[in-house]
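This is coords_20.txt (compact mmCIF, C-alpha atoms and all ligand atoms).
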# COMPACT_ATOMS: atom_id res chain seq x y z
CA MET A 1 55.66 19.07 100.37
CA MET A 2 59.11 18.78 101.96
CA ARG A 3 61.95 17.05 100.15
CA SER A 4 64.47 16.24 102.80
CA MET A 5 64.91 12.51 103.15
CA ILE A 6 68.12 10.49 103.22
CA ILE A 7 67.98 6.78 102.51
CA HIS A 8 70.29 4.03 103.70
CA LEU A 9 70.57 0.67 101.97
CA ASP A 10 72.03 -2.43 103.55
CA LEU A 11 72.20 -5.60 101.49
CA ASP A 12 70.94 -8.62 103.39
CA CYS A 13 73.65 -11.23 104.09
CA PHE A 14 75.47 -9.76 101.11
CA PHE A 15 78.26 -12.29 100.49
CA ALA A 16 75.86 -15.21 100.81
CA SER A 17 73.39 -13.44 98.50
CA CYS A 18 76.12 -12.90 95.86
CA GLU A 19 76.90 -16.61 95.98
CA ARG A 20 73.21 -17.37 95.48
CA VAL A 21 73.07 -15.17 92.40
CA HIS A 22 75.55 -17.54 90.80
CA ASN A 23 74.22 -20.74 92.25
CA SER A 24 70.46 -20.80 92.74
CA ALA A 25 70.72 -24.23 94.39
CA LEU A 26 71.80 -22.28 97.50
CA ASN A 27 68.46 -20.48 97.74
CA GLY A 28 66.50 -21.20 100.90
CA LYS A 29 69.39 -23.19 102.42
CA CYS A 30 71.65 -22.67 105.39
CA VAL A 31 74.64 -21.02 103.71
CA ALA A 32 77.63 -19.19 105.13
CA VAL A 33 80.71 -17.60 103.64
CA GLY A 34 83.80 -18.05 105.79
CA GLY A 35 87.32 -16.82 105.54
CA ARG A 36 90.77 -17.96 106.54
CA GLY A 37 94.35 -17.10 105.69
CA ASP A 38 93.65 -18.24 102.15
CA PRO A 39 96.54 -20.51 101.34
CA PHE A 40 95.20 -21.47 97.93
CA ILE A 41 95.97 -18.23 96.24
CA PHE A 42 99.63 -19.19 96.71
CA ASP A 43 99.42 -22.60 95.04
CA LYS A 44 102.45 -23.33 92.90
CA ASN A 45 100.22 -25.28 90.59
CA PRO A 46 97.61 -22.63 90.02
CA ALA A 47 95.55 -24.15 87.22
CA GLN A 48 94.35 -26.72 89.71
CA GLY A 49 91.48 -25.57 91.83
CA LYS A 50 90.86 -22.38 89.92
CA LYS A 51 88.30 -23.15 87.35
CA LEU A 52 87.27 -20.27 85.23
CA MET A 53 83.65 -19.27 85.21
CA ASN A 54 82.69 -18.62 81.65
CA LEU A 55 81.75 -15.02 80.93
CA ASN A 56 78.61 -16.20 79.21
CA SER A 57 77.39 -18.08 82.24
CA GLY A 58 76.44 -15.03 84.27
CA ALA A 59 75.61 -11.41 83.75
CA PHE A 60 79.03 -10.00 84.54
CA VAL A 61 81.13 -12.71 86.08
CA PRO A 62 84.72 -11.58 86.27
CA SER A 63 87.55 -14.03 86.51
CA LEU A 64 87.59 -15.09 90.09
CA PHE A 65 90.16 -15.34 92.81
CA HIS A 66 89.27 -18.92 93.52
CA ALA A 67 85.94 -19.77 92.09
CA GLN A 68 85.65 -23.48 92.43
CA TYR A 69 87.66 -24.87 95.29
CA ASP A 70 86.38 -27.92 96.91
CA ASN A 71 84.50 -26.06 99.59
CA LYS A 72 85.39 -28.38 102.45
CA GLU A 73 89.08 -28.50 101.54
CA TYR A 74 89.35 -24.75 101.76
CA PHE A 75 88.66 -24.79 105.50
CA LYS A 76 90.91 -27.77 106.26
CA ASP A 77 94.41 -27.56 107.57
CA GLY A 78 95.38 -31.17 108.07
CA ASP A 79 92.81 -32.43 110.57
CA THR A 80 91.99 -28.96 111.84
CA LEU A 81 89.10 -26.83 110.61
CA ARG A 82 90.17 -23.22 110.25
CA GLY A 83 88.40 -19.99 109.56
CA ILE A 84 85.59 -17.81 110.82
CA ILE A 85 82.13 -16.99 109.53
CA THR A 86 82.00 -13.77 107.52
CA THR A 87 78.33 -13.82 106.52
CA ALA A 88 75.53 -16.27 107.26
CA SER A 89 72.20 -16.58 105.46
CA TYR A 90 69.10 -15.94 107.57
CA GLU A 91 68.28 -19.65 107.43
CA ALA A 92 71.64 -20.35 109.09
CA ARG A 93 71.17 -17.51 111.59
CA ALA A 94 68.06 -19.32 112.83
CA TYR A 95 70.47 -22.01 114.10
CA GLY A 96 72.59 -19.41 115.89
CA VAL A 97 75.26 -19.13 113.22
CA LYS A 98 76.63 -15.58 113.13
CA THR A 99 79.45 -13.36 111.94
CA ALA A 100 82.86 -13.83 113.61
CA MET A 101 81.96 -17.27 114.95
CA SER A 102 84.49 -20.03 114.23
CA VAL A 103 83.66 -22.35 111.35
CA HIS A 104 84.00 -25.21 113.79
CA GLU A 105 81.36 -23.77 116.15
CA ALA A 106 79.05 -22.92 113.23
CA LEU A 107 79.10 -26.52 112.01
CA ARG A 108 78.41 -27.76 115.51
CA LEU A 109 75.26 -25.60 115.69
CA CYS A 110 74.20 -26.29 112.13
CA PRO A 111 75.71 -29.54 110.79
CA HIS A 112 74.07 -29.20 107.37
CA LEU A 113 75.52 -25.70 106.88
CA ILE A 114 76.90 -25.14 103.36
CA LEU A 115 80.21 -23.41 103.89
CA LEU A 116 81.71 -21.40 101.05
CA PRO A 117 85.14 -19.85 100.64
CA PRO A 118 85.07 -16.09 100.04
CA ASN A 119 85.18 -14.61 96.58
CA HIS A 120 86.00 -10.98 97.22
CA LEU A 121 86.40 -9.92 93.64
CA LEU A 122 82.86 -11.13 92.94
CA TYR A 123 81.46 -9.20 95.92
CA HIS A 124 83.36 -6.04 94.98
CA THR A 125 82.19 -6.28 91.40
CA MET A 126 78.56 -6.83 92.35
CA SER A 127 78.68 -3.97 94.82
CA HIS A 128 80.20 -1.74 92.16
CA GLU A 129 77.57 -2.69 89.57
CA LEU A 130 74.82 -1.98 92.06
CA MET A 131 76.32 1.45 92.84
CA GLU A 132 76.42 2.26 89.14
CA PHE A 133 72.74 1.40 88.87
CA LEU A 134 71.84 3.41 91.99
CA ALA A 135 73.63 6.45 90.61
CA THR A 136 71.13 6.41 87.74
CA VAL A 137 68.19 6.35 90.16
CA VAL A 138 69.35 8.67 92.95
CA PRO A 139 71.59 11.58 91.92
CA VAL A 140 73.75 11.66 95.06
CA MET A 141 74.85 8.29 96.39
CA GLU A 142 77.60 7.46 98.85
CA GLN A 143 79.16 4.04 99.20
CA TYR A 144 79.57 3.57 102.93
CA SER A 145 80.92 0.02 102.85
CA ILE A 146 80.86 -2.89 100.44
CA ASP A 147 77.22 -3.60 101.30
CA GLU A 148 75.88 -0.27 102.58
CA MET A 149 75.02 2.92 100.72
CA PHE A 150 73.48 6.28 101.52
CA GLY A 151 71.38 8.24 99.04
CA ASP A 152 70.17 11.83 99.21
CA LEU A 153 66.55 12.35 98.15
CA ARG A 154 66.58 16.06 99.00
CA GLY A 155 64.98 18.02 96.19
CA TRP A 156 64.35 14.78 94.35
CA ILE A 157 61.52 12.82 95.92
CA ALA A 158 58.77 14.44 97.99
CA ASP A 159 58.73 13.25 101.60
CA GLU A 160 55.29 11.71 101.33
CA ASP A 161 56.49 9.61 98.37
CA THR A 162 59.54 8.23 100.19
CA ASP A 163 57.87 5.03 101.34
CA ALA A 164 56.64 4.12 97.86
CA PHE A 165 60.00 5.09 96.39
CA ILE A 166 62.11 2.84 98.61
CA ARG A 167 59.74 -0.11 98.23
CA GLU A 168 59.97 0.24 94.47
CA LEU A 169 63.76 0.56 94.69
CA GLN A 170 63.94 -2.60 96.78
CA HIS A 171 61.94 -4.49 94.14
CA GLN A 172 64.03 -3.08 91.31
CA ILE A 173 67.26 -4.23 93.00
CA MET A 174 65.80 -7.68 93.55
CA GLY A 175 64.58 -7.80 89.95
CA GLN A 176 67.80 -6.65 88.31
CA PHE A 177 70.45 -8.00 90.66
CA LYS A 178 68.65 -10.76 92.58
CA LEU A 179 70.01 -9.15 95.72
CA PRO A 180 67.77 -8.74 98.79
CA VAL A 181 68.25 -5.35 100.40
CA SER A 182 66.75 -3.49 103.35
CA ILE A 183 66.20 0.25 103.03
CA GLY A 184 65.63 2.86 105.73
CA ALA A 185 64.83 6.53 105.33
CA SER A 186 64.86 9.51 107.64
CA CYS A 187 66.04 13.11 107.72
CA SER A 188 69.59 12.17 108.80
CA LYS A 189 72.08 9.53 107.75
CA TRP A 190 72.41 7.86 111.13
CA ILE A 191 68.68 7.71 111.89
CA ALA A 192 68.18 6.29 108.39
CA LYS A 193 70.79 3.64 109.18
CA LEU A 194 68.97 2.76 112.40
CA ALA A 195 65.72 2.54 110.42
CA THR A 196 67.37 0.01 108.11
CA SER A 197 68.47 -2.13 111.05
CA ALA A 198 64.88 -2.12 112.32
CA ALA A 199 63.62 -3.15 108.87
CA LYS A 200 65.97 -6.13 108.39
CA PRO A 201 65.76 -8.59 106.77
CA TYR A 202 64.26 -7.56 103.44
CA GLY A 203 62.22 -4.66 104.77
CA THR A 204 61.78 -0.94 104.33
CA ARG A 205 61.13 1.66 106.98
CA VAL A 206 60.59 5.41 106.92
CA ILE A 207 61.03 7.44 110.10
CA ARG A 208 59.50 10.88 109.71
CA HIS A 209 60.96 13.78 111.68
CA ASP A 210 58.14 13.74 114.25
CA GLU A 211 58.55 9.96 114.75
CA ILE A 212 62.27 9.98 115.56
CA GLU A 213 61.89 10.35 119.30
CA SER A 214 59.50 7.46 119.77
CA PHE A 215 61.53 5.33 117.33
CA VAL A 216 64.90 5.75 119.06
CA LYS A 217 63.93 6.04 122.69
CA ASP A 218 64.20 2.35 123.60
CA ILE A 219 67.03 1.39 121.26
CA SER A 220 70.18 0.55 123.20
CA ILE A 221 72.87 3.21 122.87
CA GLY A 222 75.43 0.68 121.64
CA GLU A 223 73.36 0.17 118.48
CA PHE A 224 73.86 3.75 117.40
CA PRO A 225 76.32 3.99 114.49
CA GLY A 226 79.73 5.08 115.73
CA VAL A 227 79.06 4.37 119.42
CA GLY A 228 81.53 1.60 120.12
CA LYS A 229 82.01 -0.62 123.15
CA ALA A 230 84.20 1.87 124.99
CA LEU A 231 81.79 4.76 124.57
CA SER A 232 78.72 2.75 125.51
CA ALA A 233 80.54 1.56 128.64
CA LYS A 234 81.36 5.17 129.51
CA MET A 235 77.74 6.19 128.94
CA ALA A 236 76.48 3.26 131.01
CA ARG A 237 78.49 4.65 133.94
CA TYR A 238 76.31 7.77 133.69
CA GLY A 239 73.17 5.65 133.55
CA ILE A 240 72.74 6.09 129.79
CA LYS A 241 71.51 2.77 128.41
CA THR A 242 69.19 3.79 125.57
CA ILE A 243 69.19 6.53 122.96
CA GLY A 244 66.26 8.03 124.87
CA ASP A 245 68.47 8.27 127.98
CA ALA A 246 71.10 10.01 125.86
CA TRP A 247 68.57 12.55 124.55
CA ARG A 248 67.87 13.49 128.18
CA SER A 249 71.59 13.90 128.94
CA GLU A 250 72.26 16.82 126.64
CA ASN A 251 74.41 18.86 129.03
CA LEU A 252 76.54 15.90 129.99
CA ILE A 253 77.19 14.76 126.42
CA ARG A 254 77.85 18.28 125.17
CA SER A 255 80.38 18.69 127.98
CA TRP A 256 82.58 16.11 126.21
CA GLY A 257 83.87 18.71 123.78
CA ARG A 258 83.50 18.83 120.04
CA ALA A 259 83.00 15.07 119.73
CA GLY A 260 80.24 15.25 122.34
CA HIS A 261 78.47 18.06 120.49
CA ASP A 262 78.63 16.15 117.22
CA LEU A 263 77.41 12.96 118.83
CA TYR A 264 74.46 14.71 120.44
CA GLN A 265 73.40 16.25 117.12
CA ARG A 266 73.64 12.84 115.47
CA LEU A 267 71.60 11.15 118.18
CA ARG A 268 68.87 13.72 117.58
CA GLY A 269 69.03 13.37 113.80
CA GLU A 270 70.06 17.03 113.58
CA ASP A 271 73.64 16.67 112.38
CA ASN A 272 72.99 17.67 108.75
CA GLU A 273 75.86 15.44 107.61
CA PRO A 274 75.73 15.31 103.83
CA VAL A 275 75.66 12.24 101.65
CA GLN A 276 79.11 12.36 100.07
CA SER A 277 79.16 10.94 96.60
CA LYS A 278 82.93 11.45 96.26
CA ARG A 279 83.67 8.96 98.96
CA SER A 280 82.09 6.44 96.65
CA ARG A 281 85.01 4.07 97.18
CA LYS A 282 87.48 4.50 99.95
CA GLY A 283 90.04 2.05 98.75
CA ILE A 284 90.96 -1.27 97.30
CA GLY A 285 92.96 -3.47 99.58
CA LEU A 286 94.17 -7.01 99.81
CA SER A 287 95.65 -8.72 102.81
CA ARG A 288 96.50 -12.21 103.92
CA SER A 289 97.21 -13.65 107.34
CA MET A 290 99.22 -16.83 107.22
CA ASP A 291 98.26 -19.82 109.31
CA HIS A 292 101.88 -20.84 108.93
CA PRO A 293 104.21 -17.81 109.05
CA ILE A 294 106.71 -17.59 106.20
CA GLU A 295 110.38 -17.63 107.03
CA GLU A 296 111.82 -17.93 103.51
CA ARG A 297 112.12 -14.50 101.90
CA ASP A 298 112.00 -15.89 98.34
CA GLU A 299 108.66 -17.44 99.17
CA LEU A 300 107.50 -14.19 100.77
CA TYR A 301 108.23 -12.18 97.62
CA ARG A 302 106.70 -14.84 95.41
CA ARG A 303 103.50 -14.47 97.41
CA ILE A 304 103.66 -10.70 97.32
CA HIS A 305 103.89 -10.83 93.53
CA ILE A 306 100.77 -13.01 93.45
CA LEU A 307 98.85 -10.68 95.73
CA VAL A 308 99.93 -7.65 93.68
CA ARG A 309 98.69 -9.33 90.51
CA HIS A 310 95.23 -9.89 92.04
CA TRP A 311 95.25 -6.41 93.53
CA SER A 312 96.16 -4.82 90.22
CA HIS A 313 93.43 -6.76 88.45
CA THR A 314 90.81 -5.48 90.91
CA ILE A 315 91.99 -1.89 90.48
CA MET A 316 91.79 -2.21 86.70
CA LYS A 317 88.36 -3.85 86.83
CA LEU A 318 87.01 -0.94 88.80
CA GLY A 319 88.59 1.56 86.42
CA VAL A 320 90.13 3.78 89.09
CA ASN A 321 93.55 5.37 89.39
CA PRO A 322 94.86 5.35 92.97
CA THR A 323 97.37 7.95 94.13
CA THR A 324 98.07 6.61 97.61
CA TYR A 325 99.46 3.17 98.32
CA ALA A 326 99.95 1.59 101.73
CA PHE A 327 101.86 -1.55 102.60
CA SER A 328 102.23 -3.49 105.81
CA LEU A 329 104.01 -6.55 107.09
CA GLY A 330 103.22 -8.36 110.32
CA PHE A 331 106.02 -10.32 111.92
CA ASP A 332 105.99 -13.42 114.03
CA ASN A 333 107.68 -11.45 116.83
CA GLY A 334 104.40 -9.55 117.27
CA LEU A 335 105.70 -6.37 115.64
CA SER A 336 104.64 -4.89 112.37
CA SER A 337 105.85 -2.26 109.97
CA LYS A 338 103.77 -0.18 107.62
CA LYS A 339 104.10 2.83 105.41
CA GLN A 340 102.04 4.90 103.00
CA TYR A 341 103.14 6.67 99.83
CA THR A 342 101.46 9.24 97.64
CA LEU A 343 102.43 9.45 94.01
CA TYR A 344 100.78 10.61 90.85
CA ARG A 345 101.38 7.86 88.34
CA LEU A 346 99.06 6.58 85.67
CA PHE A 347 98.14 3.17 87.02
CA ASN A 348 99.75 0.10 85.48
CA GLU A 349 100.65 -3.34 86.73
CA HIS A 350 104.32 -3.16 85.78
CA PHE A 351 104.84 -0.13 87.99
CA LEU A 352 102.81 -1.64 90.81
CA HIS A 353 104.93 -4.80 90.93
CA HIS A 354 108.21 -2.89 91.06
CA PHE A 355 107.00 -0.31 93.50
CA SER A 356 105.40 -2.86 95.84
CA ILE A 357 108.42 -5.14 95.97
CA GLU A 358 110.74 -2.20 96.62
CA LYS A 359 108.54 -0.97 99.48
CA PHE A 360 108.04 -4.40 101.01
CA ARG A 361 111.83 -4.87 101.04
CA GLU A 362 112.13 -1.64 103.02
CA LEU A 363 109.43 -2.78 105.42
CA ASP A 364 111.10 -6.14 106.05
CA ILE A 365 113.03 -4.80 109.04
CA TYR A 366 113.19 -8.04 111.06
CA PRO A 367 114.78 -10.42 108.58
CA HIS A 368 115.08 -13.15 111.20
CA SER A 369 111.42 -13.11 112.07
CA SER A 370 108.82 -15.00 110.03
CA ILE A 371 106.02 -13.10 108.29
CA ARG A 372 102.53 -13.58 109.57
CA TYR A 373 100.64 -10.89 107.65
CA ILE A 374 100.90 -9.12 104.29
CA GLY A 375 98.69 -6.11 103.56
CA MET A 376 98.39 -3.62 100.73
CA SER A 377 95.83 -0.97 99.90
CA ALA A 378 95.26 1.71 97.32
CA THR A 379 93.24 4.87 98.03
CA LYS A 380 92.66 8.48 96.93
CA PHE A 381 91.46 7.81 93.43
CA THR A 382 91.91 10.39 90.74
CA SER A 383 90.61 10.55 87.21
CA HIS A 384 92.75 9.37 84.32
CA ASP A 385 93.92 12.87 83.61
CA PRO A 386 97.47 12.95 82.26
CA LYS A 387 97.96 16.55 83.40
CA SER A 388 98.07 15.46 87.00
CA PHE A 389 100.52 12.60 86.55
CA ASP A 390 104.27 12.40 86.86
CA LEU A 391 105.60 13.85 83.60
CA LEU A 392 108.85 11.93 83.64
CA GLU A 393 107.00 8.65 83.72
CA ILE A 394 103.88 9.42 81.74
CA GLN A 395 105.04 8.08 78.36
CA ASN A 396 106.11 4.75 79.68
CA ASP A 397 103.15 4.58 82.07
CA THR A 398 100.72 5.19 79.21
CA LYS A 399 102.20 2.29 77.29
CA MET A 400 102.13 0.09 80.38
CA ASN A 401 98.60 1.16 81.23
CA LYS A 402 97.43 0.00 77.78
CA LEU A 403 99.23 -3.28 78.31
CA THR A 404 97.55 -3.70 81.70
CA ASP A 405 94.22 -3.08 80.00
CA VAL A 406 94.93 -5.93 77.60
CA LEU A 407 96.03 -8.13 80.51
CA THR A 408 92.74 -7.44 82.25
CA GLN A 409 90.76 -8.50 79.21
CA ILE A 410 92.81 -11.66 78.79
CA ARG A 411 92.36 -12.55 82.46
CA ASP A 412 88.63 -11.92 82.24
CA LYS A 413 88.51 -14.40 79.43
CA TYR A 414 90.99 -17.05 80.49
CA GLY A 415 91.37 -16.63 84.25
CA MET A 416 93.67 -14.91 86.69
CA ASP A 417 96.57 -17.31 86.24
CA ILE A 418 96.92 -17.10 82.50
CA VAL A 419 99.45 -14.26 82.74
CA ARG A 420 101.71 -14.34 85.75
CA ASN A 421 104.79 -12.45 86.78
CA GLY A 422 108.08 -14.28 86.19
CA SER A 423 108.97 -13.94 89.87
CA GLU A 424 105.99 -16.01 90.94
CA LEU A 425 107.29 -19.24 89.47
MG MG B 501 74.57 -6.07 105.00
Any chance you could put this one into structure tokens?
Amino acid sequence: MMRSMIIHLDLDCFFASCERVHNSALNGKCVAVGGRGDPFIFDKNPAQGKKLMNLNSGAFVPSLFHAQYDNKEYFKDGDTLRGIITTASYEARAYGVKTAMSVHEALRLCPHLILLPPNHLLYHTMSHELMEFLATVVPVMEQYSIDEMFGDLRGWIADEDTDAFIRELQHQIMGQFKLPVSIGASCSKWIAKLATSAAKPYGTRVIRHDEIESFVKDISIGEFPGVGKALSAKMARYGIKTIGDAWRSENLIRSWGRAGHDLYQRLRGEDNEPVQSKRSRKGIGLSRSMDHPIEERDELYRRIHILVRHWSHTIMKLGVNPTTYAFSLGFDNGLSSKKQYTLYRLFNEHFLHHFSIEKFRELDIYPHSSIRYIGMSATKFTSHDPKSFDLLEIQNDTKMNKLTDVLTQIRDKYGMDIVRNGSEL
């Protein structure tokens, strides 16, 4: 009775599924979530277009970035339709609609497609809630991306019970979260991930150790996690088209140094890479690309303040304390500037506004060029342990952290725009 399985979960058309949780009229329909530079977040008249979803109307609906825009308006820029498809429901995929396709092309293929603007805070929150649930079912879970997780069943579930366990888990997730998920299991992370792909949509699949070879042999090498376009092209030059071909090219692949060795082990399912629960969240970031680059610096900083407010709210909602912050600006001249800072401060919105503005001013090194892109991200989370924070700032930060807590509650209740920074007006 071995206990050595790793499971991989991949939520089916996750963004579209989240939207369906809150609007069951979307069930069974051709639905897609698309994204664009998101001009609405910068509206000077914010009450308009941002209708608050009442907390009582859903299980855990947070205040939303832009819950209730007129869906068609979101994608319009004058007479032009902008944006690309982020996630399409399987009904829409049947018409050929897929990720990264332009909204324009998607509507041509599927004229009755229901297009929705993205609601990232909702997706992050649902993903986070699901992770919290999973942590109560599987002791070691790793969040791999917003809609993919690994779990370690070693020592927990006997191998022969894996199939029943993941089917039950799939039903539980559907029952509690109304989210369809596909689950794969095998003795390594990457084979488990391949098993999930084979099970999609809404399936489960276990690949036992002695089944790996026959399972992978005809799968194209480019499908293997981490083998990108460049590497598959290189392998194709050696006649390696499938994972089976790669298995037979051990000497060649191992001759590519450390990376080659690692890759070969992974392809065989013999890498022993652990499920890392600590990497549960890599970071919280926000970025916006402008369809119309911003020349005016006052307008730029007004927008940065707005982004920081939304960013701060997300960080607070997830209850983490970042210690590394990265900022970047993309200029119309094609250049960009970015920088990352590590500092041990108890998180609070007041600090984040000041710090961000100061750093963006330093990054604004081409004052005569318009700004095309604004990005910010927070990583390396630590616990709220005062011992590890900057002592000179801790008193004030503690006060400000409490205030931010209150702000978060108020925004949950009355919406993101109820408390804004003076510089946004
Ligand atoms: Mg997915």
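The interatomic distance for the pair atom CA of A:Met141 and atom CA of A:Ser277 works out to 5.1 Å.
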_Could you check which residues have any atom within 6 Å of (72.2, -27.5, 103.9), counting only C-alpha atoms with coordinates taken straight from the file, and then list them as a list in words?_
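Residues with an atom close enough to that point: Lys29, Cys30, His112, Leu113 and Ile114 of chain A.
Minimum atom-to-atom distances from A:His261, A:His128, A:Arg266, A:Lys200 to ligand MG 501 (chain B) were compared using all atoms listed in the file, and the lowest value belongs to A:Lys200.
Using all atoms listed in the file, we find that the residues with an atom at most 7 Å from any atom of ligand MG 501 (chain B) are A:Asp10, A:Leu11, A:Asp12, A:Cys13, A:Phe14, A:Asp147, A:Glu148.
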*Just the residues within 12 Å of A:Leu335, please, counting all atoms listed in the file, with nothing from its chain fewer than 4 positions along; format it as number ranges by chain.*
A: 328-331, 363-366, 369-373
Residues near A:Met126, cut-off 12 Å, only C-alpha atoms, skip fewer than 2 positions along chain, as a PDB file with C-alpha atoms, in the frame of the given file:
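Dumped everything to selection_33.pdb:
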ATOM      1  CA  LEU A  11      72.200  -5.600 101.490  1.00  0.00           C
ATOM      2  CA  PHE A  14      75.470  -9.760 101.110  1.00  0.00           C
ATOM      3  CA  PHE A  15      78.260 -12.290 100.490  1.00  0.00           C
ATOM      4  CA  SER A  17      73.390 -13.440  98.500  1.00  0.00           C
ATOM      5  CA  CYS A  18      76.120 -12.900  95.860  1.00  0.00           C
ATOM      6  CA  GLU A  19      76.900 -16.610  95.980  1.00  0.00           C
ATOM      7  CA  VAL A  21      73.070 -15.170  92.400  1.00  0.00           C
ATOM      8  CA  HIS A  22      75.550 -17.540  90.800  1.00  0.00           C
ATOM      9  CA  GLY A  58      76.440 -15.030  84.270  1.00  0.00           C
ATOM     10  CA  ALA A  59      75.610 -11.410  83.750  1.00  0.00           C
ATOM     11  CA  PHE A  60      79.030 -10.000  84.540  1.00  0.00           C
ATOM     12  CA  VAL A  61      81.130 -12.710  86.080  1.00  0.00           C
ATOM     13  CA  PRO A  62      84.720 -11.580  86.270  1.00  0.00           C
ATOM     14  CA  ASN A 119      85.180 -14.610  96.580  1.00  0.00           C
ATOM     15  CA  HIS A 120      86.000 -10.980  97.220  1.00  0.00           C
ATOM     16  CA  LEU A 121      86.400  -9.920  93.640  1.00  0.00           C
ATOM     17  CA  LEU A 122      82.860 -11.130  92.940  1.00  0.00           C
ATOM     18  CA  TYR A 123      81.460  -9.200  95.920  1.00  0.00           C
ATOM     19  CA  HIS A 124      83.360  -6.040  94.980  1.00  0.00           C
ATOM     20  CA  HIS A 128      80.200  -1.740  92.160  1.00  0.00           C
ATOM     21  CA  GLU A 129      77.570  -2.690  89.570  1.00  0.00           C
ATOM     22  CA  LEU A 130      74.820  -1.980  92.060  1.00  0.00           C
ATOM     23  CA  MET A 131      76.320   1.450  92.840  1.00  0.00           C
ATOM     24  CA  GLU A 132      76.420   2.260  89.140  1.00  0.00           C
ATOM     25  CA  PHE A 133      72.740   1.400  88.870  1.00  0.00           C
ATOM     26  CA  ILE A 146      80.860  -2.890 100.440  1.00  0.00           C
ATOM     27  CA  ASP A 147      77.220  -3.600 101.300  1.00  0.00           C
ATOM     28  CA  ILE A 173      67.260  -4.230  93.000  1.00  0.00           C
ATOM     29  CA  GLN A 176      67.800  -6.650  88.310  1.00  0.00           C
ATOM     30  CA  PHE A 177      70.450  -8.000  90.660  1.00  0.00           C
ATOM     31  CA  LYS A 178      68.650 -10.760  92.580  1.00  0.00           C
ATOM     32  CA  LEU A 179      70.010  -9.150  95.720  1.00  0.00           C
ATOM     33  CA  LYS A 317      88.360  -3.850  86.830  1.00  0.00           C
ATOM     34  CA  LEU A 318      87.010  -0.940  88.800  1.00  0.00           C
TER      35      LEU A 318
END
_Distance in Å - atom CA of A:Thr323 versus atom CA of A:Glu273_ = 26.5 Å
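Atom to atom, atom CA of A:Cys187 and atom CA of A:Met5 stand 4.7 Å apart.
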*Please identify all polymer residues lying at most 9 Å from the point (59.8, 3.5, 101.4) (file coordinates), using only C-alpha atoms, and present the result as a count of residues only.*
17
*Proximity to A:Val137 - best of A:Thr125, A:Val308, A:Ile157, A:Arg208, all atoms listed in the file*: A:Ile157
_At a cut-off of 9 Å, using all atoms listed in the file, what residues contact A:Val275? Leave out same-chain residues fewer than 4 positions from it and give the result as JSON, numbers by chain._
{"A": [6, 140, 141, 142, 150, 151, 152, 189]}
With the cut-off set at 12 Å and counting only C-alpha atoms, tabulate each residue of stretch 311-363 of chain A with an atom at most that distance from an atom of stretch 408-420 of chain A, showing the nearest atom pair and its distance in Å to one decimal, ordered by chain and increasing number, as a tab-separated table.
residue	atom	partner	partner_atom	distance
A:Trp311	CA	A:Met416	CA	11.0
A:Ser312	CA	A:Thr408	CA	9.1
A:His313	CA	A:Thr408	CA	6.3
A:Thr314	CA	A:Thr408	CA	9.1
A:Ile315	CA	A:Thr408	CA	10.0
A:Met316	CA	A:Thr408	CA	6.9
A:Lys317	CA	A:Thr408	CA	7.3
A:Leu318	CA	A:Thr408	CA	10.9
A:Gly319	CA	A:Thr408	CA	10.8
A:Asn348	CA	A:Thr408	CA	10.8
A:Glu349	CA	A:Thr408	CA	10.0
A:His350	CA	A:Arg420	CA	11.5
A:His353	CA	A:Arg420	CA	11.3
_My list of candidates is A:Met400, A:Met149, A:Ala92, A:Val320. Which is closest to A:Thr382 when distances are computed with all atoms listed in the file?_
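The answer is A:Val320, which sits nearest to A:Thr382.
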*Which one of A:Leu307, A:Leu263, A:Ala236, A:Leu346 sits closest to A:Thr324 if you count all atoms listed in the file?*
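The closest residue to A:Thr324 is A:Leu346.
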Selection: 6 Å around stretch 219-223 of chain A, all atoms listed in the file, excl. self and same-chain fewer than 6 positions, as a short mmCIF file (atom, residue, chain, number, x, y, z; two decimals) with C-alpha atoms, keeping the file's coordinate frame:
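Generated file (out34.cif):
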data_model
loop_
_atom_site.label_atom_id
_atom_site.label_comp_id
_atom_site.auth_asym_id
_atom_site.auth_seq_id
_atom_site.Cartn_x
_atom_site.Cartn_y
_atom_site.Cartn_z
CA SER A 232 78.72 2.75 125.51
CA LYS A 241 71.51 2.77 128.41
CA THR A 242 69.19 3.79 125.57
CA ILE A 243 69.19 6.53 122.96
#
